[in-house]
file coords-v6.tsv (TSV, C-alpha atoms)
chain	number	residue	atom	x	y	z
Y	868	MET	CA	-17.01	-73.82	-79.14
Y	869	SER	CA	-14.17	-74.69	-81.45
Y	870	LEU	CA	-13.04	-78.26	-81.84
Y	871	ALA	CA	-9.79	-77.53	-79.98
Y	872	GLY	CA	-11.74	-75.78	-77.22
Y	873	ARG	CA	-13.37	-79.05	-76.17
Y	874	PHE	CA	-10.00	-80.61	-75.31
Y	875	GLY	CA	-8.27	-77.84	-73.43
Y	876	PRO	CA	-8.11	-74.21	-72.38
Y	877	PRO	CA	-8.22	-71.53	-75.08
Y	878	GLY	CA	-4.97	-71.05	-76.93
Y	879	PHE	CA	-3.36	-74.32	-75.77
Y	880	LEU	CA	-2.65	-75.39	-79.36
Y	881	ALA	CA	-0.95	-72.07	-80.10
Y	882	ARG	CA	1.15	-72.28	-76.92
Y	883	ALA	CA	2.09	-75.90	-77.66
Y	884	SER	CA	3.04	-74.95	-81.25
Y	885	VAL	CA	5.37	-72.19	-80.07
Y	886	ARG	CA	7.07	-74.51	-77.58
Y	887	VAL	CA	7.44	-77.43	-79.97
Y	888	ALA	CA	8.57	-75.37	-83.01
Y	889	PRO	CA	12.35	-75.84	-82.57
Y	890	VAL	CA	11.86	-79.59	-82.11
Y	891	VAL	CA	9.73	-79.75	-85.27
Y	892	LEU	CA	12.47	-77.88	-87.13
Y	893	GLY	CA	14.89	-80.59	-86.02
Y	894	TYR	CA	12.61	-83.64	-86.28
Y	895	VAL	CA	11.48	-83.17	-89.88
Y	896	PRO	CA	15.02	-83.27	-91.33
Y	897	VAL	CA	16.29	-85.97	-88.95
Y	898	GLY	CA	13.15	-88.05	-89.60
Y	899	PHE	CA	13.78	-87.50	-93.30
Y	900	ALA	CA	17.37	-88.75	-92.94
Y	901	TYR	CA	16.12	-91.82	-91.06
Y	902	GLY	CA	13.50	-92.47	-93.78
Y	903	VAL	CA	16.09	-92.32	-96.55
Y	904	LEU	CA	18.51	-94.55	-94.65
Y	905	ALA	CA	15.89	-97.15	-93.66
Y	906	LYS	CA	14.42	-97.31	-97.16
Y	907	ASN	CA	17.87	-97.77	-98.69
Y	908	ALA	CA	18.66	-100.47	-96.10
Y	909	GLY	CA	15.80	-102.53	-97.55
Y	910	LEU	CA	12.92	-101.92	-95.13
Y	911	SER	CA	9.45	-101.76	-96.67
Y	912	THR	CA	7.74	-98.36	-96.57
Y	913	GLY	CA	5.27	-99.75	-94.02
Y	914	ASN	CA	8.07	-100.86	-91.71
Y	915	VAL	CA	10.02	-97.62	-92.18
Y	916	LEU	CA	6.95	-95.69	-91.05
Y	917	GLY	CA	5.95	-98.32	-88.49
Y	918	MET	CA	9.19	-97.86	-86.57
Y	919	SER	CA	8.67	-94.09	-86.36
Y	920	VAL	CA	5.08	-94.58	-85.18
Y	921	LEU	CA	5.66	-97.41	-82.68
Y	922	VAL	CA	9.19	-96.78	-81.39
Y	923	PHE	CA	9.69	-93.00	-81.88
Y	924	ALA	CA	13.30	-92.87	-80.67
Y	925	GLY	CA	15.76	-91.22	-83.03
Y	926	SER	CA	19.15	-92.69	-82.18
Y	927	ALA	CA	17.77	-96.19	-81.52
Y	928	GLN	CA	16.04	-96.17	-84.92
Y	929	PHE	CA	19.27	-95.27	-86.73
Y	930	ILE	CA	21.17	-97.99	-84.85
Y	931	ALA	CA	18.45	-100.58	-85.51
Y	932	VAL	CA	18.46	-99.86	-89.26
Y	933	GLY	CA	22.22	-100.32	-89.33
Y	934	MET	CA	21.92	-103.59	-87.41
Y	935	LEU	CA	19.07	-104.87	-89.62
Y	936	ALA	CA	21.10	-104.14	-92.73
Y	937	ALA	CA	24.04	-105.99	-91.18
Y	938	GLY	CA	21.86	-109.03	-90.48
Y	939	ALA	CA	21.81	-108.75	-86.68
Y	940	SER	CA	19.47	-110.97	-84.64
Y	941	LEU	CA	16.10	-109.84	-83.30
Y	942	ALA	CA	17.28	-110.31	-79.70
Y	943	GLY	CA	20.43	-108.29	-80.36
Y	944	ILE	CA	18.50	-105.38	-81.84
Y	945	VAL	CA	15.85	-105.35	-79.11
Y	946	LEU	CA	18.48	-105.54	-76.35
Y	947	THR	CA	20.51	-102.74	-77.93
Y	948	THR	CA	17.36	-100.62	-78.20
Y	949	PHE	CA	16.63	-101.25	-74.52
Y	950	VAL	CA	20.13	-100.20	-73.47
Y	951	VAL	CA	20.20	-97.14	-75.73
Y	952	ASN	CA	16.78	-96.01	-74.49
Y	953	LEU	CA	17.28	-96.82	-70.81
Y	954	ARG	CA	17.93	-93.11	-70.18
Y	955	HIS	CA	14.19	-92.58	-70.64
Y	956	LEU	CA	13.80	-94.19	-67.23
Y	957	LEU	CA	15.49	-91.12	-65.77
Y	958	PHE	CA	13.36	-88.73	-67.85
Y	959	SER	CA	10.20	-90.44	-66.74
Y	960	ALA	CA	11.26	-90.37	-63.09
Y	961	ALA	CA	12.31	-86.71	-63.33
Y	962	LEU	CA	8.88	-85.71	-64.64
Y	963	SER	CA	6.85	-87.84	-62.24
Y	964	PRO	CA	6.64	-85.31	-59.33
Y	965	ALA	CA	5.11	-82.63	-61.58
Y	966	PHE	CA	2.51	-85.01	-62.98
Y	967	GLY	CA	1.26	-86.22	-59.62
Y	968	ALA	CA	-2.46	-85.72	-60.08
Y	969	TRP	CA	-2.73	-86.95	-63.65
Y	970	ARG	CA	-4.81	-89.89	-64.80
Y	971	ARG	CA	-2.86	-93.00	-65.77
Y	972	ARG	CA	-4.27	-92.81	-69.31
Y	973	ASP	CA	-2.72	-89.37	-69.82
Y	974	LEU	CA	0.55	-90.45	-68.20
Y	975	ALA	CA	0.69	-93.44	-70.55
Y	976	LEU	CA	0.40	-91.07	-73.52
Y	977	VAL	CA	3.00	-88.60	-72.18
Y	978	ALA	CA	5.33	-91.58	-71.69
Y	979	PHE	CA	4.79	-92.77	-75.26
Y	980	GLU	CA	5.82	-89.35	-76.61
Y	981	LEU	CA	8.83	-89.07	-74.28
Y	982	THR	CA	12.09	-88.45	-76.16
Y	983	ASP	CA	15.27	-86.52	-75.36
Y	984	GLU	CA	13.70	-83.45	-76.91
Y	985	THR	CA	10.13	-83.62	-75.61
Y	986	PHE	CA	11.58	-84.37	-72.16
Y	987	ALA	CA	13.70	-81.21	-72.40
Y	988	LEU	CA	10.60	-79.22	-73.37
Y	989	HIS	CA	8.57	-80.61	-70.45
Y	990	ALA	CA	11.46	-80.09	-68.04
Y	991	ALA	CA	11.98	-76.48	-69.22
Y	992	ASN	CA	8.32	-75.81	-68.46
Y	993	GLN	CA	8.41	-77.29	-64.95
Y	994	ALA	CA	9.53	-74.01	-63.37
Y	995	LYS	CA	6.31	-72.35	-64.54
Y	996	GLY	CA	4.09	-74.45	-62.27
Y	997	PRO	CA	1.94	-77.52	-62.84
Y	998	PRO	CA	1.88	-78.62	-66.49
Y	999	ASP	CA	-1.27	-77.96	-68.51
Y	1000	ARG	CA	-2.67	-81.32	-69.60
Y	1001	ALA	CA	-3.87	-80.42	-73.11
Y	1002	GLU	CA	-0.77	-78.35	-73.89
Y	1003	THR	CA	1.61	-81.07	-72.67
Y	1004	LEU	CA	-0.12	-83.81	-74.67
Y	1005	ALA	CA	-0.23	-81.55	-77.76
Y	1006	VAL	CA	3.54	-80.89	-77.52
Y	1007	GLY	CA	4.25	-84.64	-77.58
Y	1008	ILE	CA	1.81	-85.44	-80.36
Y	1009	MET	CA	3.01	-82.57	-82.58
Y	1010	ALA	CA	6.62	-83.66	-82.10
Y	1011	GLN	CA	5.80	-87.22	-83.19
Y	1012	VAL	CA	3.71	-86.02	-86.13
Y	1013	ALA	CA	6.76	-84.03	-87.31
Y	1014	TRP	CA	8.96	-87.12	-86.85
Y	1015	VAL	CA	6.58	-89.38	-88.80
Y	1016	ALA	CA	6.06	-86.73	-91.51
Y	1017	GLY	CA	9.83	-86.37	-91.95
Y	1018	THR	CA	10.11	-90.18	-92.10
Y	1019	ALA	CA	7.37	-90.39	-94.74
Y	1020	ILE	CA	9.03	-87.80	-96.98
Y	1021	GLY	CA	12.38	-89.58	-96.55
Y	1022	ALA	CA	10.90	-93.01	-97.32
Y	1023	TRP	CA	9.19	-91.59	-100.37
Y	1024	ALA	CA	12.27	-89.75	-101.62
Y	1025	GLY	CA	14.31	-92.86	-100.74
Y	1026	ALA	CA	16.84	-93.84	-103.34
Y	1027	SER	CA	16.59	-90.58	-105.30
Y	1028	VAL	CA	18.36	-88.80	-102.44
Y	1029	GLY	CA	22.06	-89.49	-102.48
Y	1030	SER	CA	23.17	-87.46	-99.47
Y	1031	VAL	CA	21.58	-85.30	-96.79
Y	1032	ARG	CA	24.82	-83.37	-96.22
Y	1033	PRO	CA	24.58	-80.35	-98.55
Y	1034	ILE	CA	21.69	-78.74	-96.68
Y	1035	ALA	CA	23.15	-79.56	-93.25
Y	1036	LEU	CA	20.29	-81.89	-92.28
Y	1037	ASP	CA	22.81	-83.97	-90.37
Y	1038	PHE	CA	23.45	-80.98	-88.09
Y	1039	ALA	CA	19.77	-80.69	-87.11
Y	1040	LEU	CA	20.17	-83.01	-84.10
Y	1041	PRO	CA	23.28	-81.35	-82.59
Y	1042	ALA	CA	21.65	-77.92	-83.17
Y	1043	MET	CA	18.55	-79.10	-81.35
Y	1044	PHE	CA	20.63	-80.37	-78.41
Y	1045	ILE	CA	22.37	-76.97	-78.19
Y	1046	ALA	CA	19.06	-75.09	-78.14
Y	1047	LEU	CA	17.54	-77.36	-75.49
Y	1048	LEU	CA	20.71	-77.48	-73.38
Y	1049	ALA	CA	20.85	-73.68	-73.20
Y	1050	GLY	CA	17.45	-73.75	-71.52
Y	1051	GLN	CA	18.73	-76.17	-68.85
Y	1052	ILE	CA	21.77	-74.22	-67.62
Y	1053	LYS	CA	20.03	-72.74	-64.58
Y	1054	SER	CA	23.10	-72.30	-62.39
Y	1055	ARG	CA	26.88	-72.62	-62.37
Y	1056	THR	CA	26.51	-76.09	-60.93
Y	1057	HIS	CA	24.34	-77.07	-63.90
Y	1058	LEU	CA	26.91	-75.65	-66.32
Y	1059	PHE	CA	29.72	-77.49	-64.54
Y	1060	VAL	CA	28.01	-80.90	-64.44
Y	1061	ALA	CA	26.85	-80.52	-68.06
Y	1062	LEU	CA	30.45	-79.90	-69.17
Y	1063	PHE	CA	31.51	-82.90	-67.08
Y	1064	SER	CA	28.88	-85.19	-68.64
Y	1065	GLY	CA	29.65	-83.93	-72.14
Y	1066	ILE	CA	33.38	-84.52	-71.82
Y	1067	LEU	CA	32.92	-87.90	-70.13
Y	1068	SER	CA	30.48	-89.00	-72.84
Y	1069	THR	CA	32.97	-87.92	-75.52
Y	1070	ALA	CA	35.78	-89.84	-73.79
Y	1071	LEU	CA	33.57	-92.94	-73.55
Y	1072	ALA	CA	32.64	-92.65	-77.23
Y	1073	LEU	CA	36.31	-92.36	-78.18
Y	1074	GLY	CA	37.03	-95.35	-75.94
Y	1075	GLY	CA	34.53	-97.46	-77.85
Y	1076	VAL	CA	31.72	-97.43	-75.26
Y	1077	ASP	CA	28.96	-96.62	-77.71
Y	1078	ARG	CA	25.83	-98.11	-76.13
Y	1079	PHE	CA	26.07	-97.29	-72.42
Y	1080	GLY	CA	28.09	-94.10	-72.87
Y	1081	VAL	CA	25.32	-91.50	-72.77
Y	1082	LEU	CA	23.54	-93.18	-69.85
Y	1083	ALA	CA	26.77	-93.59	-67.85
Y	1084	ALA	CA	27.83	-89.97	-68.46
Y	1085	THR	CA	24.37	-88.70	-67.48
Y	1086	LEU	CA	24.31	-90.71	-64.25
Y	1087	ALA	CA	27.84	-89.62	-63.34
Y	1088	GLY	CA	27.07	-85.95	-64.01
Y	1089	ALA	CA	23.83	-85.96	-62.03
Y	1090	VAL	CA	25.52	-87.76	-59.09
Y	1091	LEU	CA	28.33	-85.20	-59.15
Y	1092	GLY	CA	25.84	-82.32	-59.16
Y	1093	THR	CA	23.89	-83.86	-56.27
Y	1094	LEU	CA	27.02	-84.41	-54.19
Y	1095	TRP	CA	28.26	-80.91	-54.93
Y	1096	GLN	CA	24.98	-79.27	-54.02
Y	1097	SER	CA	24.36	-81.41	-50.95
Y	1098	TRP	CA	27.71	-81.47	-49.19
Y	1099	ILE	CA	30.35	-79.28	-50.77
Y	1100	ARG	CA	28.45	-76.12	-51.66
Y	1101	PRO	CA	25.03	-76.49	-50.07
Y	1102	THR	CA	24.31	-72.76	-50.33
Y	1103	SER	CA	24.97	-72.33	-54.06
Y	1104	SER	CA	21.99	-72.62	-56.32
E	681	MET	CA	22.84	-107.06	-99.24
E	682	ALA	CA	20.51	-109.82	-98.15
E	683	VAL	CA	16.84	-109.18	-98.79
E	684	LEU	CA	15.09	-108.45	-95.51
E	685	ASP	CA	12.05	-110.49	-94.50
E	686	GLN	CA	9.55	-107.72	-93.75
E	687	THR	CA	7.62	-109.84	-91.25
E	688	ASP	CA	10.81	-110.41	-89.25
E	689	VAL	CA	11.49	-106.68	-89.45
E	690	PHE	CA	8.04	-105.91	-88.10
E	691	VAL	CA	8.43	-108.36	-85.20
E	692	THR	CA	11.76	-106.67	-84.41
E	693	ILE	CA	10.06	-103.27	-84.46
E	694	ALA	CA	7.38	-104.52	-82.07
E	695	GLY	CA	10.10	-105.76	-79.71
E	696	MET	CA	11.89	-102.41	-79.95
E	697	ALA	CA	8.63	-100.59	-79.20
E	698	LEU	CA	8.18	-102.61	-76.01
E	699	ALA	CA	11.84	-102.22	-74.97
E	700	THR	CA	11.49	-98.45	-75.42
E	701	TYR	CA	8.05	-97.96	-73.90
E	702	LEU	CA	8.57	-99.83	-70.61
E	703	PRO	CA	11.37	-97.57	-69.28
E	704	ARG	CA	9.49	-94.53	-70.58
E	705	ALA	CA	6.26	-95.39	-68.82
E	706	ALA	CA	7.10	-97.26	-65.62
E	707	PRO	CA	8.33	-94.34	-63.45
E	708	LEU	CA	5.66	-91.90	-64.66
E	709	VAL	CA	2.84	-94.36	-64.10
E	710	PHE	CA	4.10	-95.79	-60.77
E	711	LEU	CA	5.95	-92.88	-59.14
E	712	SER	CA	3.49	-90.07	-59.94
E	713	GLY	CA	1.62	-88.97	-56.88
E	714	ARG	CA	4.30	-90.24	-54.49
E	715	THR	CA	6.70	-87.91	-52.76
E	716	LEU	CA	10.28	-88.59	-53.75
E	717	PRO	CA	13.11	-87.99	-51.24
E	718	PRO	CA	14.70	-84.51	-51.63
E	719	LEU	CA	18.01	-86.07	-52.68
E	720	ALA	CA	16.30	-87.92	-55.54
E	721	ILE	CA	14.55	-84.72	-56.66
E	722	ARG	CA	17.88	-82.91	-56.63
E	723	PHE	CA	19.54	-85.71	-58.60
E	724	LEU	CA	16.75	-85.80	-61.19
E	725	GLY	CA	16.97	-82.01	-61.57
E	726	PHE	CA	20.44	-82.42	-63.07
E	727	VAL	CA	19.37	-85.11	-65.55
E	728	PRO	CA	18.17	-82.83	-68.41
E	729	ALA	CA	21.37	-80.76	-68.58
E	730	CYS	CA	23.58	-83.85	-68.24
E	731	VAL	CA	21.84	-85.98	-70.87
E	732	LEU	CA	21.68	-83.17	-73.43
E	733	ALA	CA	25.40	-82.44	-72.98
E	734	ALA	CA	26.20	-86.18	-73.11
E	735	LEU	CA	24.35	-86.40	-76.43
E	736	LEU	CA	25.69	-83.12	-77.84
E	737	PHE	CA	29.43	-83.23	-77.13
E	738	PRO	CA	30.33	-86.47	-78.97
E	739	SER	CA	28.17	-85.51	-81.97
E	740	VAL	CA	30.07	-82.23	-82.35
E	741	LEU	CA	33.58	-83.18	-81.15
E	742	VAL	CA	33.69	-86.66	-82.73
E	743	PRO	CA	31.75	-86.18	-85.97
E	744	ALA	CA	33.52	-88.96	-87.86
E	745	GLY	CA	34.85	-91.42	-85.31
E	746	THR	CA	37.90	-89.46	-84.19
E	747	LEU	CA	38.31	-86.36	-82.01
E	748	ASP	CA	38.36	-83.32	-84.32
E	749	LEU	CA	39.05	-79.92	-82.75
E	750	SER	CA	40.28	-78.37	-86.03
E	751	ALA	CA	38.76	-75.53	-88.06
E	752	GLY	CA	37.82	-78.19	-90.60
E	753	ASN	CA	35.17	-79.53	-88.21
E	754	PHE	CA	32.10	-77.67	-89.46
E	755	PHE	CA	29.89	-79.09	-86.71
E	756	LEU	CA	32.19	-77.46	-84.14
E	757	LEU	CA	32.26	-74.14	-86.04
E	758	GLY	CA	28.50	-74.21	-86.64
E	759	SER	CA	27.93	-74.77	-82.92
E	760	VAL	CA	29.39	-71.34	-82.10
E	761	PRO	CA	26.61	-69.20	-83.63
E	762	ALA	CA	23.99	-71.70	-82.41
E	763	VAL	CA	25.27	-71.42	-78.82
E	764	LEU	CA	25.43	-67.61	-79.08
E	765	VAL	CA	21.85	-67.35	-80.36
E	766	ALA	CA	20.53	-69.83	-77.77
E	767	TRP	CA	22.38	-68.09	-74.92
E	768	ARG	CA	21.82	-64.43	-75.86
E	769	THR	CA	18.26	-64.56	-77.24
E	770	GLY	CA	16.85	-67.66	-75.55
E	771	SER	CA	15.27	-68.57	-78.90
E	772	PHE	CA	15.32	-72.34	-79.38
E	773	PHE	CA	14.00	-72.07	-82.91
E	774	GLY	CA	16.54	-69.38	-83.84
E	775	ALA	CA	19.42	-71.45	-82.49
E	776	VAL	CA	18.47	-74.52	-84.55
E	777	ALA	CA	17.92	-72.44	-87.71
E	778	VAL	CA	21.15	-70.43	-87.35
E	779	GLY	CA	23.19	-73.55	-86.58
E	780	MET	CA	21.95	-75.43	-89.64
E	781	ALA	CA	22.36	-72.36	-91.87
E	782	ALA	CA	25.94	-71.90	-90.62
E	783	VAL	CA	26.92	-75.50	-91.36
E	784	ALA	CA	25.25	-75.36	-94.80
E	785	ALA	CA	27.09	-72.08	-95.59
E	786	LEU	CA	30.45	-73.47	-94.42
E	787	ARG	CA	30.03	-76.48	-96.69
E	788	PHE	CA	28.87	-74.35	-99.61
E	789	PHE	CA	31.77	-71.90	-99.44
E	790	SER	CA	34.40	-74.54	-98.76
E	791	GLY	CA	33.39	-76.17	-102.03
call {"tool": "encode", "arguments": {"input": "coords-v6.tsv", "output": "structure tokens"}}
result
Amino acid sequence: MSLAGRFGPPGFLARASVRVAPVVLGYVPVGFAYGVLAKNAGLSTGNVLGMSVLVFAGSAQFIAVGMLAAGASLAGIVLTTFVVNLRHLLFSAALSPAFGAWRRRDLALVAFELTDETFALHAANQAKGPPDRAETLAVGIMAQVAWVAGTAIGAWAGASVGSVRPIALDFALPAMFIALLAGQIKSRTHLFVALFSGILSTALALGGVDRFGVLAATLAGAVLGTLWQSWIRPTSS
Amino acid sequence: MAVLDQTDVFVTIAGMALATYLPRAAPLVFLSGRTLPPLAIRFLGFVPACVLAALLFPSVLVPAGTLDLSAGNFFLLGSVPAVLVAWRTGSFFGAVAVGMAAVAALRFFSG
């Protein structure tokens, strides 16, 4: 029996690789950009990598590096991180019905690897029945390995990299959101509430609400979709 | 720039890790196995589409702090082929690759 065979059904690594590939394509360059930025902000290589290993949350890491460089307090950075990452509470709750029979140990690991992107991958797979344990864990671990690898290359390249713009690395994250969003538009109601959340989030960003904006727009969109489906158009899918 | 104390930085990172992990883990660990009310299930079903749009739209429409709907906004232009590939082929990987290639090409040819 192969090494992989002891941990899961045959082919789970291959299936996980196929699913996680677009996220890897996005995470390596974005991790790289974070590594360059953090190194140039004065973090030691150990701390640059440590944040990607222990926190593993793209936008919060970029914000924290900016705040560290600006001399912000520990409490301020931790509180900002909490607010920015509070949306994970919704992700975790949204996945919980599908993971009913799982051991706590496995749930704890899934939760550690939960990001906007891995959540979208797990959610996209929910329609296909109960999640495969080994495949689900492998998706999360591969995504973080890509993130940490990108970070390591960025930290190593550090000061010798002036700008990540010429090869469009800064577009990796929006491109990833587009790809994952396309997989979530399951009905007209989904399309409508996604447009609503997107526009509201943009308006909030323009209005200077930069920490709570994404969470507020997500909550408002999901409430709107629920109301619409429950009372106004109960028959539409 | 002030020199950062790396021990302080590490303590901050540890605090961030905790502040990130608790909301990630609490619902999965405590709600799994319980039956949620149908309304909550319905609500949570909209969360993925809403959060991805809420993250995407500002990053494309407000790339540099102000609303930019002009042809000079390469993120907006690059989104078009990415959306087309994602929608028509269903290929996540293809959409990311085409989007990044489009933005790189726009920058290259615009000098």
call {"tool": "residues_near_point", "arguments": {"input": "coords-v6.tsv", "point": "(23.8, -70.4, -93.4)", "cutoff": "12 Å", "atoms": "all atoms listed in the file", "output": "PyMOL selection string"}}
result
(chain Y and resi 1033-1035+1038) or (chain E and resi 754+757-758+761-762+775-789)
call {"tool": "interface_residues", "arguments": {"input": "coords-v6.tsv", "of": "chain E", "to": "chain Y", "cutoff": "7 Å", "atoms": "all atoms listed in the file", "output": "mmCIF file with C-alpha atoms, in the frame of the given file"}}
result
data_model
loop_
_atom_site.group_PDB
_atom_site.id
_atom_site.type_symbol
_atom_site.label_atom_id
_atom_site.label_comp_id
_atom_site.auth_asym_id
_atom_site.auth_seq_id
_atom_site.Cartn_x
_atom_site.Cartn_y
_atom_site.Cartn_z
ATOM 1 C CA VAL E 683 16.840 -109.180 -98.790
ATOM 2 C CA LEU E 684 15.090 -108.450 -95.510
ATOM 3 C CA GLN E 686 9.550 -107.720 -93.750
ATOM 4 C CA PHE E 690 8.040 -105.910 -88.100
ATOM 5 C CA THR E 692 11.760 -106.670 -84.410
ATOM 6 C CA ILE E 693 10.060 -103.270 -84.460
ATOM 7 C CA GLY E 695 10.100 -105.760 -79.710
ATOM 8 C CA MET E 696 11.890 -102.410 -79.950
ATOM 9 C CA ALA E 697 8.630 -100.590 -79.200
ATOM 10 C CA ALA E 699 11.840 -102.220 -74.970
ATOM 11 C CA THR E 700 11.490 -98.450 -75.420
ATOM 12 C CA TYR E 701 8.050 -97.960 -73.900
ATOM 13 C CA PRO E 703 11.370 -97.570 -69.280
ATOM 14 C CA ARG E 704 9.490 -94.530 -70.580
ATOM 15 C CA ALA E 705 6.260 -95.390 -68.820
ATOM 16 C CA PRO E 707 8.330 -94.340 -63.450
ATOM 17 C CA LEU E 708 5.660 -91.900 -64.660
ATOM 18 C CA VAL E 709 2.840 -94.360 -64.100
ATOM 19 C CA LEU E 711 5.950 -92.880 -59.140
ATOM 20 C CA SER E 712 3.490 -90.070 -59.940
ATOM 21 C CA GLY E 713 1.620 -88.970 -56.880
ATOM 22 C CA ARG E 722 17.880 -82.910 -56.630
ATOM 23 C CA PHE E 723 19.540 -85.710 -58.600
ATOM 24 C CA LEU E 724 16.750 -85.800 -61.190
ATOM 25 C CA GLY E 725 16.970 -82.010 -61.570
ATOM 26 C CA PHE E 726 20.440 -82.420 -63.070
ATOM 27 C CA VAL E 727 19.370 -85.110 -65.550
ATOM 28 C CA PRO E 728 18.170 -82.830 -68.410
ATOM 29 C CA ALA E 729 21.370 -80.760 -68.580
ATOM 30 C CA CYS E 730 23.580 -83.850 -68.240
ATOM 31 C CA VAL E 731 21.840 -85.980 -70.870
ATOM 32 C CA LEU E 732 21.680 -83.170 -73.430
ATOM 33 C CA ALA E 733 25.400 -82.440 -72.980
ATOM 34 C CA ALA E 734 26.200 -86.180 -73.110
ATOM 35 C CA LEU E 735 24.350 -86.400 -76.430
ATOM 36 C CA LEU E 736 25.690 -83.120 -77.840
ATOM 37 C CA PHE E 737 29.430 -83.230 -77.130
ATOM 38 C CA PRO E 738 30.330 -86.470 -78.970
ATOM 39 C CA SER E 739 28.170 -85.510 -81.970
ATOM 40 C CA VAL E 740 30.070 -82.230 -82.350
ATOM 41 C CA THR E 746 37.900 -89.460 -84.190
ATOM 42 C CA PHE E 755 29.890 -79.090 -86.710
ATOM 43 C CA ALA E 762 23.990 -71.700 -82.410
ATOM 44 C CA VAL E 763 25.270 -71.420 -78.820
ATOM 45 C CA ALA E 766 20.530 -69.830 -77.770
ATOM 46 C CA TRP E 767 22.380 -68.090 -74.920
ATOM 47 C CA PHE E 772 15.320 -72.340 -79.380
ATOM 48 C CA PHE E 773 14.000 -72.070 -82.910
ATOM 49 C CA ALA E 775 19.420 -71.450 -82.490
ATOM 50 C CA VAL E 776 18.470 -74.520 -84.550
ATOM 51 C CA GLY E 779 23.190 -73.550 -86.580
ATOM 52 C CA MET E 780 21.950 -75.430 -89.640
ATOM 53 C CA VAL E 783 26.920 -75.500 -91.360
ATOM 54 C CA ALA E 784 25.250 -75.360 -94.800
ATOM 55 C CA ARG E 787 30.030 -76.480 -96.690
#
call {"tool": "residues_around", "arguments": {"input": "coords-v6.tsv", "residues": "Ala881 (chain Y)", "least_positions_apart": "4", "cutoff": "12 Å", "atoms": "only C-alpha atoms", "output": "list in words"}}
result
Ala871, Gly872, Gly875, Pro876, Pro877, Val885, Arg886, Val887, Ala888, Ala1001, Glu1002, Thr1003, Ala1005, Val1006 and Met1009 of chain Y
call {"tool": "atom_distance", "arguments": {"input": "coords-v6.tsv", "atom1": "CA of Gly1025 (chain Y)", "atom2": "CA of Gly925 (chain Y)"}}
result
17.8 Å
call {"tool": "residues_near_point", "arguments": {"input": "coords-v6.tsv", "point": "(40.3, -79.1, -94.4)", "cutoff": "12 Å", "atoms": "all atoms listed in the file", "output": "VMD selection string"}}
result
chain E and resid 748 to 754 786 to 787 790 to 791
call {"tool": "write_last_selection", "arguments": {"input": "coords-v6.tsv", "atoms": "C-alpha atoms", "output": "mmCIF file, keeping the file's coordinate frame"}}
result
data_model
loop_
_atom_site.group_PDB
_atom_site.id
_atom_site.type_symbol
_atom_site.label_atom_id
_atom_site.label_comp_id
_atom_site.auth_asym_id
_atom_site.auth_seq_id
_atom_site.Cartn_x
_atom_site.Cartn_y
_atom_site.Cartn_z
ATOM 1 C CA ASP E 748 38.360 -83.320 -84.320
ATOM 2 C CA LEU E 749 39.050 -79.920 -82.750
ATOM 3 C CA SER E 750 40.280 -78.370 -86.030
ATOM 4 C CA ALA E 751 38.760 -75.530 -88.060
ATOM 5 C CA GLY E 752 37.820 -78.190 -90.600
ATOM 6 C CA ASN E 753 35.170 -79.530 -88.210
ATOM 7 C CA PHE E 754 32.100 -77.670 -89.460
ATOM 8 C CA LEU E 786 30.450 -73.470 -94.420
ATOM 9 C CA ARG E 787 30.030 -76.480 -96.690
ATOM 10 C CA SER E 790 34.400 -74.540 -98.760
ATOM 11 C CA GLY E 791 33.390 -76.170 -102.030
#
call {"tool": "residues_around", "arguments": {"input": "coords-v6.tsv", "residues": "Tyr901 (chain Y)", "least_positions_apart": "3", "cutoff": "9 Å", "atoms": "all atoms listed in the file", "output": "NGL selection string"}}
result
:Y and (896-898 or 904-906 or 915 or 925 or 928-929 or 932 or 1017-1018 or 1021-1022)
call {"tool": "write_last_selection", "arguments": {"input": "coords-v6.tsv", "atoms": "C-alpha atoms", "output": "compact mmCIF listing (two decimals), keeping the file's coordinate frame"}}
result
# COMPACT_ATOMS: atom_id res chain seq x y z
CA PRO Y 896 15.02 -83.27 -91.33
CA VAL Y 897 16.29 -85.97 -88.95
CA GLY Y 898 13.15 -88.05 -89.60
CA LEU Y 904 18.51 -94.55 -94.65
CA ALA Y 905 15.89 -97.15 -93.66
CA LYS Y 906 14.42 -97.31 -97.16
CA VAL Y 915 10.02 -97.62 -92.18
CA GLY Y 925 15.76 -91.22 -83.03
CA GLN Y 928 16.04 -96.17 -84.92
CA PHE Y 929 19.27 -95.27 -86.73
CA VAL Y 932 18.46 -99.86 -89.26
CA GLY Y 1017 9.83 -86.37 -91.95
CA THR Y 1018 10.11 -90.18 -92.10
CA GLY Y 1021 12.38 -89.58 -96.55
CA ALA Y 1022 10.90 -93.01 -97.32
call {"tool": "atom_distance", "arguments": {"input": "coords-v6.tsv", "atom1": "CA of Trp1095 (chain Y)", "atom2": "CA of Leu719 (chain E)"}}
result
11.7 Å
call {"tool": "atom_distance", "arguments": {"input": "coords-v6.tsv", "atom1": "CA of Lys995 (chain Y)", "atom2": "CA of Trp1014 (chain Y)"}}
result
26.9 Å
